[in-house]
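A.B. asks: Would you mind keeping the following structure in view while I ask a few things?
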Amino acid sequence: MKAKKVIPFHYNTFPPIEQDVEAFAQKLQDETDIECAILNPGDSLDV
């Protein structure tokens with residue numbers, strides 16, 4: 001897909017899918033050129 005930016009969602013909505021979204025974003029930054037935009041409920045992103 002060659003995404004340039006990702007927006008994680010649906011994580012931590014219930015126990016089986018709990019994730020450390022900050023660790024995910026850091027791993028993306030360390031290992032790829034993909035930008036990770038972490039949004040909180042009600043946030044928006046201008047592209």
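Simple scheme: letters A, B, ... for chains in structure tokens order, numbers from 1 for residues in each chain, numbers from 1 for ligands in the order shown.
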Contacts of Asn40 (chain A) at 12 Å or less, counting only C-alpha atoms, minus same-chain residues fewer than 6 places along, as a VMD selection string?
C.D. replies: chain A and resid 7 to 12 21
A.B. asks: Just want the 10 Å neighbourhood of region 30-32 of chain A, counted on only C-alpha atoms, with same-chain residues fewer than 5 positions away dropped. Output as a list in words.
C.D. replies: Lys4, Phe24 and Ala25 of chain A
A.B. asks: Expressed in Å to a single decimal, how great is the separation between CA of Lys2 (chain A) and CA of Asp46 (chain A)?
C.D. replies: 20.1 Å
A.B. asks: List every residue of chain A that DSSP, applied to the backbone, labels as strand (DSSP E or B), and write the result as a PyMOL selection string.
C.D. replies: chain A and resi 5-6+35-36
A.B. asks: Write to file, as a PDB file, in the first residue's frame, the residues of the selection just made, with N, CA, C and O atoms.
C.D. replies:
```pdb
ATOM      1  N   LYS A   5       1.254   7.933   5.812  1.00  0.00           N
ATOM      2  CA  LYS A   5       0.753   8.307   7.132  1.00  0.00           C
ATOM      3  C   LYS A   5      -0.300   7.297   7.560  1.00  0.00           C
ATOM      4  O   LYS A   5      -1.086   6.839   6.736  1.00  0.00           O
ATOM      5  N   VAL A   6      -0.285   6.932   8.839  1.00  0.00           N
ATOM      6  CA  VAL A   6      -1.308   6.050   9.390  1.00  0.00           C
ATOM      7  C   VAL A   6      -1.946   6.714  10.601  1.00  0.00           C
ATOM      8  O   VAL A   6      -1.323   7.535  11.282  1.00  0.00           O
ATOM      9  N   GLU A  35       4.623   8.145   8.793  1.00  0.00           N
ATOM     10  CA  GLU A  35       4.234   9.025   9.892  1.00  0.00           C
ATOM     11  C   GLU A  35       3.005   8.444  10.581  1.00  0.00           C
ATOM     12  O   GLU A  35       2.105   7.920   9.932  1.00  0.00           O
ATOM     13  N   CYS A  36       2.964   8.526  11.893  1.00  0.00           N
ATOM     14  CA  CYS A  36       1.834   8.026  12.667  1.00  0.00           C
ATOM     15  C   CYS A  36       1.173   9.203  13.378  1.00  0.00           C
ATOM     16  O   CYS A  36       1.806   9.894  14.170  1.00  0.00           O
TER      17      CYS A  36
END
```
A.B. asks: Which of these, A:Ala3, A:Asp33, A:Asp43, A:Ile38, has the shortest distance to Asp20 (chain A) once you count only C-alpha atoms?
C.D. replies: A:Ile38
A.B. asks: Take CA of Thr13 (chain A) and CA of Gln26 (chain A) and report the distance between them in Å, one decimal.
C.D. replies: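 Those two atoms sit 20.8 Å apart.
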A.B. asks: For a test of reading the model, state the distance in Å between CA of Gly42 (chain A) and CA of Met1 (chain A), rounded to one decimal.
C.D. replies: 27.3 Å
A.B. asks: Run DSSP on the backbone and grab whatever in chain A lands in alpha helix (DSSP H); send it over as a ChimeraX atom specification.
C.D. replies: /A:21-31
